[in-house]
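Structure file input12.csv (CSV, C-alpha atoms) is printed below.
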chain,number,residue,atom,x,y,z
A,686,MET,CA,51.1,-22.6,2.0
A,687,ARG,CA,49.2,-23.9,5.0
A,688,GLU,CA,48.2,-27.4,6.1
A,689,ILE,CA,44.5,-28.3,6.1
A,690,ASN,CA,43.7,-30.3,9.2
A,691,SER,CA,40.1,-31.2,8.8
A,692,CYS,CA,37.8,-32.5,6.1
A,693,GLU,CA,35.4,-29.6,6.8
A,694,ASP,CA,38.2,-27.1,6.0
A,695,LEU,CA,39.2,-29.0,2.9
A,696,GLN,CA,35.6,-29.2,1.7
A,697,ALA,CA,35.3,-25.4,2.1
A,698,CYS,CA,38.5,-24.7,0.3
A,699,CYS,CA,37.8,-26.9,-2.7
A,700,GLY,CA,34.0,-26.5,-2.9
A,701,ASN,CA,33.5,-30.2,-2.0
A,702,ASP,CA,35.4,-31.3,-5.1
A,703,MET,CA,34.9,-35.1,-5.2
A,704,LEU,CA,38.4,-35.9,-6.5
A,705,CYS,CA,39.9,-33.9,-3.7
A,706,MET,CA,37.7,-35.5,-1.0
A,707,TRP,CA,38.5,-38.9,-2.4
A,708,ALA,CA,42.3,-38.3,-2.3
A,709,ALA,CA,42.1,-37.0,1.2
A,710,GLN,CA,40.8,-40.3,2.5
A,711,GLY,CA,39.3,-38.6,5.5
A,712,LEU,CA,42.7,-37.0,6.3
A,713,ASP,CA,43.3,-40.2,8.2
A,714,GLY,CA,46.9,-39.5,9.2
A,715,TYR,CA,48.3,-41.0,6.0
A,716,SER,CA,46.9,-38.5,3.5
A,717,TYR,CA,47.7,-34.8,3.9
A,718,ALA,CA,46.3,-31.6,2.4
A,719,TRP,CA,47.5,-28.1,1.9
A,720,ALA,CA,46.0,-24.8,0.6
A,721,SER,CA,47.7,-21.8,-0.9
A,722,GLU,CA,47.7,-18.8,1.4
A,723,ASP,CA,44.8,-17.2,-0.5
A,724,ARG,CA,42.9,-20.5,-0.5
A,725,ARG,CA,42.5,-20.5,-4.3
A,726,ALA,CA,44.3,-23.8,-4.7
A,727,VAL,CA,44.6,-27.0,-2.8
A,728,ALA,CA,46.9,-30.1,-3.1
A,729,ILE,CA,46.2,-33.4,-1.4
A,730,ALA,CA,48.8,-36.1,-1.1
A,731,GLY,CA,47.4,-39.7,-0.9
A,732,PRO,CA,50.1,-42.4,-0.6
A,733,ALA,CA,49.5,-45.7,-2.3
A,734,LEU,CA,46.1,-44.5,-3.4
A,735,SER,CA,44.8,-46.8,-6.2
A,736,SER,CA,48.4,-48.2,-6.2
A,737,ARG,CA,50.2,-44.9,-6.7
A,738,ASP,CA,51.3,-42.0,-4.6
A,739,ARG,CA,48.9,-39.4,-5.9
A,740,LEU,CA,48.7,-35.6,-5.5
A,741,ALA,CA,45.2,-34.3,-6.3
A,742,VAL,CA,45.3,-30.7,-7.3
A,743,TRP,CA,42.4,-28.2,-7.6
A,744,GLY,CA,42.1,-24.5,-8.1
A,745,ALA,CA,43.4,-21.5,-10.0
A,746,SER,CA,46.6,-22.3,-11.9
A,747,ASP,CA,48.5,-19.2,-10.8
A,748,ALA,CA,48.0,-20.3,-7.2
A,749,ALA,CA,48.4,-24.0,-7.8
A,750,VAL,CA,51.8,-23.8,-9.5
A,751,PRO,CA,53.7,-22.4,-6.5
A,752,LEU,CA,51.7,-24.6,-4.1
A,753,VAL,CA,52.5,-27.8,-6.0
A,754,ARG,CA,56.1,-26.8,-6.3
A,755,ARG,CA,56.4,-26.5,-2.5
A,756,VAL,CA,54.3,-29.6,-1.8
A,757,LEU,CA,56.4,-31.8,-4.1
A,758,ALA,CA,59.5,-30.6,-2.3
A,759,LYS,CA,57.9,-31.7,0.9
A,760,VAL,CA,56.4,-35.1,0.0
A,761,GLY,CA,59.0,-36.2,-2.6
A,762,PRO,CA,59.1,-37.1,-6.3
A,763,THR,CA,57.0,-40.3,-6.2
A,764,TYR,CA,53.8,-38.3,-6.0
A,765,ARG,CA,52.0,-37.8,-9.3
A,766,PRO,CA,49.9,-34.6,-9.7
A,767,LEU,CA,46.5,-35.2,-11.2
A,768,GLY,CA,43.6,-32.9,-11.8
A,769,ASP,CA,41.6,-31.2,-14.5
A,770,SER,CA,43.4,-31.2,-17.9
A,771,ALA,CA,44.0,-27.5,-18.1
A,772,LEU,CA,45.3,-27.3,-14.6
A,773,ILE,CA,47.8,-30.1,-15.1
A,774,ASP,CA,48.9,-28.5,-18.4
A,775,ALA,CA,49.6,-25.3,-16.4
A,776,LEU,CA,51.6,-27.2,-13.8
A,777,VAL,CA,53.7,-28.9,-16.5
A,778,HIS,CA,54.4,-25.6,-18.1
A,779,GLY,CA,55.2,-23.9,-14.8
A,780,ILE,CA,57.3,-26.6,-13.1
A,781,PRO,CA,60.1,-27.8,-15.4
A,782,THR,CA,60.6,-31.1,-13.6
A,783,LEU,CA,57.0,-32.2,-14.4
A,784,ASN,CA,56.0,-34.2,-17.5
A,785,HIS,CA,52.6,-35.5,-18.7
A,786,VAL,CA,52.1,-39.2,-18.1
A,787,GLY,CA,48.5,-39.8,-19.2
A,788,SER,CA,45.0,-38.7,-19.7
A,789,PHE,CA,41.9,-40.5,-18.5
A,790,GLY,CA,38.4,-39.9,-17.1
A,791,TRP,CA,37.1,-39.5,-13.6
A,792,MET,CA,33.4,-40.3,-13.2
A,793,ASP,CA,31.2,-39.8,-10.2
A,794,CYS,CA,27.6,-39.8,-9.0
A,795,THR,CA,25.7,-38.6,-6.0
A,796,SER,CA,22.2,-39.8,-6.9
A,797,PRO,CA,20.9,-43.3,-7.2
A,798,ALA,CA,19.0,-42.4,-10.4
A,799,GLY,CA,19.8,-44.8,-13.2
A,800,CYS,CA,21.1,-47.5,-10.8
A,801,SER,CA,18.5,-50.2,-11.7
A,802,VAL,CA,19.0,-53.1,-14.0
A,803,PRO,CA,16.0,-54.4,-16.1
A,804,GLY,CA,15.0,-57.8,-14.8
A,805,PRO,CA,16.5,-59.7,-11.9
A,806,SER,CA,20.0,-59.2,-10.7
A,807,ARG,CA,22.3,-61.9,-9.4
A,808,ALA,CA,25.1,-59.7,-8.3
A,809,GLU,CA,26.1,-60.0,-4.6
A,810,TRP,CA,29.0,-59.6,-2.2
A,811,LEU,CA,31.4,-62.5,-2.5
A,812,PRO,CA,32.8,-64.5,0.5
A,813,GLU,CA,36.5,-64.5,1.0
A,814,THR,CA,36.6,-68.2,0.0
A,815,THR,CA,36.0,-67.1,-3.6
A,816,LEU,CA,39.0,-64.8,-3.8
A,817,PRO,CA,41.1,-67.3,-5.8
A,818,GLU,CA,38.3,-67.4,-8.4
A,819,VAL,CA,38.2,-63.6,-8.4
A,820,GLU,CA,42.0,-63.4,-8.9
A,821,THR,CA,41.9,-65.8,-11.8
A,822,LEU,CA,39.1,-63.9,-13.5
A,823,VAL,CA,40.8,-60.5,-13.1
A,824,GLU,CA,44.2,-61.8,-14.3
A,825,ALA,CA,42.6,-63.3,-17.4
A,826,SER,CA,40.2,-60.4,-18.2
A,827,PHE,CA,41.8,-57.3,-16.8
A,828,PRO,CA,45.4,-57.9,-15.9
A,829,ALA,CA,46.3,-54.2,-15.8
A,830,SER,CA,43.8,-53.6,-13.0
A,831,TYR,CA,45.2,-51.9,-9.9
A,832,ALA,CA,42.5,-53.6,-7.8
A,833,LYS,CA,43.3,-57.3,-7.2
A,834,PRO,CA,42.6,-59.6,-4.2
A,835,GLY,CA,45.1,-59.0,-1.5
A,836,VAL,CA,46.1,-55.5,-2.6
A,837,PRO,CA,46.1,-53.0,0.3
A,838,GLY,CA,43.0,-50.8,0.2
A,839,VAL,CA,40.9,-53.2,-1.8
A,840,GLU,CA,37.9,-53.5,0.5
A,841,ARG,CA,35.4,-56.0,-0.8
A,842,TRP,CA,34.5,-57.9,-4.0
A,843,ALA,CA,31.1,-58.4,-5.6
A,844,GLY,CA,30.3,-60.7,-8.4
A,845,VAL,CA,27.7,-62.6,-10.5
A,846,ARG,CA,27.8,-66.1,-11.8
A,847,ASP,CA,26.6,-67.4,-15.2
A,848,ASP,CA,23.9,-70.0,-15.6
A,849,GLY,CA,26.5,-72.8,-15.2
A,850,GLY,CA,27.7,-71.4,-11.8
A,851,ARG,CA,30.9,-70.0,-13.1
A,852,LEU,CA,32.1,-66.6,-11.8
A,853,ALA,CA,31.4,-64.4,-14.8
A,854,ALA,CA,31.9,-60.8,-13.7
A,855,VAL,CA,33.4,-59.1,-10.6
A,856,GLY,CA,34.2,-55.7,-9.2
A,857,ALA,CA,35.3,-54.1,-6.0
A,858,LEU,CA,35.0,-51.2,-3.7
A,859,ALA,CA,38.5,-50.1,-3.1
A,860,TRP,CA,40.4,-47.1,-1.6
A,861,SER,CA,37.1,-45.5,-0.6
A,862,ALA,CA,37.0,-42.3,1.3
A,863,PRO,CA,34.4,-41.6,4.0
A,864,THR,CA,32.3,-39.6,1.6
A,865,VAL,CA,33.3,-41.2,-1.7
A,866,GLY,CA,32.9,-44.9,-2.5
A,867,PHE,CA,35.4,-45.9,-5.2
A,868,LEU,CA,34.7,-48.7,-7.8
A,869,ALA,CA,37.6,-50.6,-9.2
A,870,GLY,CA,38.6,-53.9,-10.7
A,871,ILE,CA,35.6,-54.4,-13.0
A,872,ALA,CA,36.2,-57.5,-15.0
A,873,VAL,CA,34.0,-59.7,-17.1
A,874,GLN,CA,34.8,-63.1,-18.7
A,875,PRO,CA,35.2,-62.6,-22.4
A,876,GLN,CA,32.7,-65.3,-23.3
A,877,THR,CA,30.0,-63.8,-21.2
A,878,ARG,CA,30.3,-60.2,-22.4
A,879,SER,CA,27.2,-58.5,-23.9
A,880,GLN,CA,25.0,-60.4,-21.5
A,881,GLY,CA,24.6,-57.5,-19.0
A,882,LEU,CA,26.4,-59.3,-16.2
A,883,GLY,CA,29.1,-56.6,-15.9
A,884,ARG,CA,26.4,-54.0,-15.6
A,885,GLN,CA,24.7,-56.0,-12.8
A,886,VAL,CA,28.0,-55.9,-10.9
A,887,CYS,CA,28.5,-52.2,-11.6
A,888,ASN,CA,25.0,-51.3,-10.5
A,889,PHE,CA,25.3,-53.4,-7.3
A,890,LEU,CA,28.6,-51.7,-6.5
A,891,LEU,CA,27.3,-48.2,-7.3
A,892,ALA,CA,24.2,-48.7,-5.1
A,893,GLU,CA,26.4,-49.9,-2.3
A,894,ALA,CA,28.8,-47.0,-2.6
A,895,LEU,CA,26.0,-44.5,-2.5
A,896,ARG,CA,24.4,-46.3,0.5
A,897,LEU,CA,27.7,-46.5,2.4
A,898,HIS,CA,29.4,-43.2,1.4
A,899,GLY,CA,26.8,-40.9,-0.2
A,900,ALA,CA,28.7,-40.7,-3.4
A,901,ALA,CA,30.5,-43.0,-5.9
A,902,ALA,CA,33.4,-42.5,-8.3
A,903,LEU,CA,35.7,-44.4,-10.6
A,904,MET,CA,38.5,-43.9,-13.1
A,905,VAL,CA,38.2,-45.0,-16.7
A,906,ASN,CA,40.5,-45.0,-19.7
A,907,ASP,CA,39.3,-42.7,-22.5
A,908,TRP,CA,39.9,-45.4,-25.1
A,909,ASN,CA,37.5,-47.8,-23.3
A,910,HIS,CA,34.4,-46.8,-25.2
A,911,ALA,CA,32.3,-49.7,-24.0
A,912,ALA,CA,33.0,-48.9,-20.3
A,913,LEU,CA,32.3,-45.2,-20.9
A,914,ARG,CA,28.9,-46.0,-22.4
A,915,LEU,CA,28.1,-48.3,-19.5
A,916,TYR,CA,29.0,-45.8,-16.8
A,917,LEU,CA,27.3,-42.9,-18.6
A,918,GLY,CA,24.2,-45.1,-18.9
A,919,MET,CA,24.4,-45.7,-15.1
A,920,GLY,CA,24.2,-41.9,-14.5
A,921,LEU,CA,27.8,-41.2,-13.7
A,922,ARG,CA,29.2,-37.8,-14.9
A,923,TYR,CA,32.5,-37.7,-16.9
A,924,ARG,CA,35.4,-35.4,-16.1
A,925,PRO,CA,38.6,-35.4,-18.1
A,926,LEU,CA,41.8,-35.6,-16.0
A,927,ARG,CA,45.5,-35.6,-16.7
A,928,ALA,CA,48.4,-36.8,-14.6
A,929,ALA,CA,52.0,-35.7,-14.4
A,930,SER,CA,55.1,-37.1,-12.9
A,931,VAL,CA,58.5,-35.7,-11.7
A,932,SER,CA,61.4,-36.4,-14.0
A,933,THR,CA,64.1,-38.6,-12.4

What is this file in structure tokens?
Amino acid sequence: MREINSCEDLQACCGNDMLCMWAAQGLDGYSYAWASEDRRAVAIAGPALSSRDRLAVWGASDAAVPLVRRVLAKVGPTYRPLGDSALIDALVHGIPTLNHVGSFGWMDCTSPAGCSVPGPSRAEWLPETTLPEVETLVEASFPASYAKPGVPGVERWAGVRDDGGRLAAVGALAWSAPTVGFLAGIAVQPQTRSQGLGRQVCNFLLAEALRLHGAAALMVNDWNHAALRLYLGMGLRYRPLRAASVST
């Protein structure tokens, strides 16, 4: 295998795959990328990326299996391979120490089409003084969220208030890469759901991610049908992913 030392080289190797470019985080000295000698597979190690050590994998399975085997020996067992479902299946089959740990969706968008909300929107960036309110809302409405106030890599929170002035929906840009803005921590007060406030926050964040980074992405649980409908309606494309972990 050979190390990839620039985002331009990585982009050429993976065909500008958005998951790979996100995991690379601009190859900022914390994330690292490698390609197989024939350049048919790449693996990108992103430490503490969305609260996990992640190893994004792309390419042909016959090239990816030996590449991932060597990369895991280099970076250690805390890194979890993730990528297209068939590719992760091949890795688990070809590397006995790997086991499936979950399936979920990656969604992305490179066009602002579909980013408007009918009627006025009250979503806006929140000042730091409101972070205790954000934390309370996220803990109550989405306690499993990786994005929470104070977590490293969580950049900025947006929100919208209900007619009574109470913070009703929030979300963040977090762990963004130079060319991919990442949406996370979307949470809505249960009593204000079905009022379109969560969509206002999501559209605001999507527009800001596109403006700042040129592309936007997020991860979603496949069982969360309401979120899937929302994100598809916003113009994001769905891609099924799987993840694996090293047995300990």

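Atom CA of A:Val886 is positioned 11.2 Å from atom CA of A:Leu811.
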
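Computed from the coordinates, the atom CA of A:Asn906 to atom CA of A:Tyr923 distance equals 11.2 Å.
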
Checklist entry - Within 10 Å of (39.5, -58.8, -19.4), all atoms listed in the file: residues as a ChimeraX atom specification? => result /A:822-830,854,871-875,878

For the residues in the current selection, export C-alpha atoms as an mmCIF file, in the frame of the given file.
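out-v2.cif was written with the following content:
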data_model
loop_
_atom_site.group_PDB
_atom_site.id
_atom_site.type_symbol
_atom_site.label_atom_id
_atom_site.label_comp_id
_atom_site.auth_asym_id
_atom_site.auth_seq_id
_atom_site.Cartn_x
_atom_site.Cartn_y
_atom_site.Cartn_z
ATOM 1 C CA LEU A 822 39.100 -63.900 -13.500
ATOM 2 C CA VAL A 823 40.800 -60.500 -13.100
ATOM 3 C CA GLU A 824 44.200 -61.800 -14.300
ATOM 4 C CA ALA A 825 42.600 -63.300 -17.400
ATOM 5 C CA SER A 826 40.200 -60.400 -18.200
ATOM 6 C CA PHE A 827 41.800 -57.300 -16.800
ATOM 7 C CA PRO A 828 45.400 -57.900 -15.900
ATOM 8 C CA ALA A 829 46.300 -54.200 -15.800
ATOM 9 C CA SER A 830 43.800 -53.600 -13.000
ATOM 10 C CA ALA A 854 31.900 -60.800 -13.700
ATOM 11 C CA ILE A 871 35.600 -54.400 -13.000
ATOM 12 C CA ALA A 872 36.200 -57.500 -15.000
ATOM 13 C CA VAL A 873 34.000 -59.700 -17.100
ATOM 14 C CA GLN A 874 34.800 -63.100 -18.700
ATOM 15 C CA PRO A 875 35.200 -62.600 -22.400
ATOM 16 C CA ARG A 878 30.300 -60.200 -22.400
#

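For the residues A:Gln885, A:Ser746, A:Thr864, A:Ser735, ranking by smallest atom-to-atom distance to A:Gln696 using only C-alpha atoms places A:Thr864 first.
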
Next on the checklist: Please list as number ranges by chain every residue within 9 Å of stretch 701-717 of chain A, counting all atoms listed in the file and excluding residues in the same chain fewer than 2 positions away.
Outcome noted: A: 688-692, 695-699, 719, 727-732, 734, 739-743, 768, 791, 793, 860-867, 900, 902

Next on the checklist: For a test of reading the model, state the distance in Å between atom CA of A:Val819 and atom CA of A:Gly881, rounded to one decimal.
Outcome noted: 18.3 Å

Checklist entry - For A:Pro781, which residue among A:Asp907, A:Asp747, A:Arg754, A:Gly844 is the nearest when counting only C-alpha atoms? => result A:Arg754

Checklist outcome for this item: Using all atoms listed in the file, the best pick from A:Ser932, A:Ala718, A:Ala869, A:Arg927 as closest to A:Ala775 would be A:Arg927

Next on the checklist: Can you pull out the residues contacting A:Thr933? Cut-off 10 Å, using only C-alpha atoms, and skip same-chain residues under 5 positions away; I want them as a ChimeraX atom specification.
Outcome noted: /A:762-763,782-783

Checklist entry - With all atoms listed in the file as the basis for distance, which of A:Met904, A:Val931, A:Ala843, A:Ala892 is at the shortest distance from A:Pro766? => result A:Val931

Item to check | Shortest interatomic distance to A:Arg807 - which of A:Ala749, A:Ala894, A:Ala901, A:Val845, counting only C-alpha atoms | outcome: A:Val845

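The residue that comes closest to A:Leu757, out of A:Leu858, A:Leu776, A:Leu816, A:Val786 and on the basis of all atoms listed in the file, is A:Leu776.
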
Checklist entry - What's the 10 Å shell around A:Gly787, counting all atoms listed in the file, without same-chain residues fewer than 4 positions away, as number ranges by chain? => result A: 767, 906, 926-930
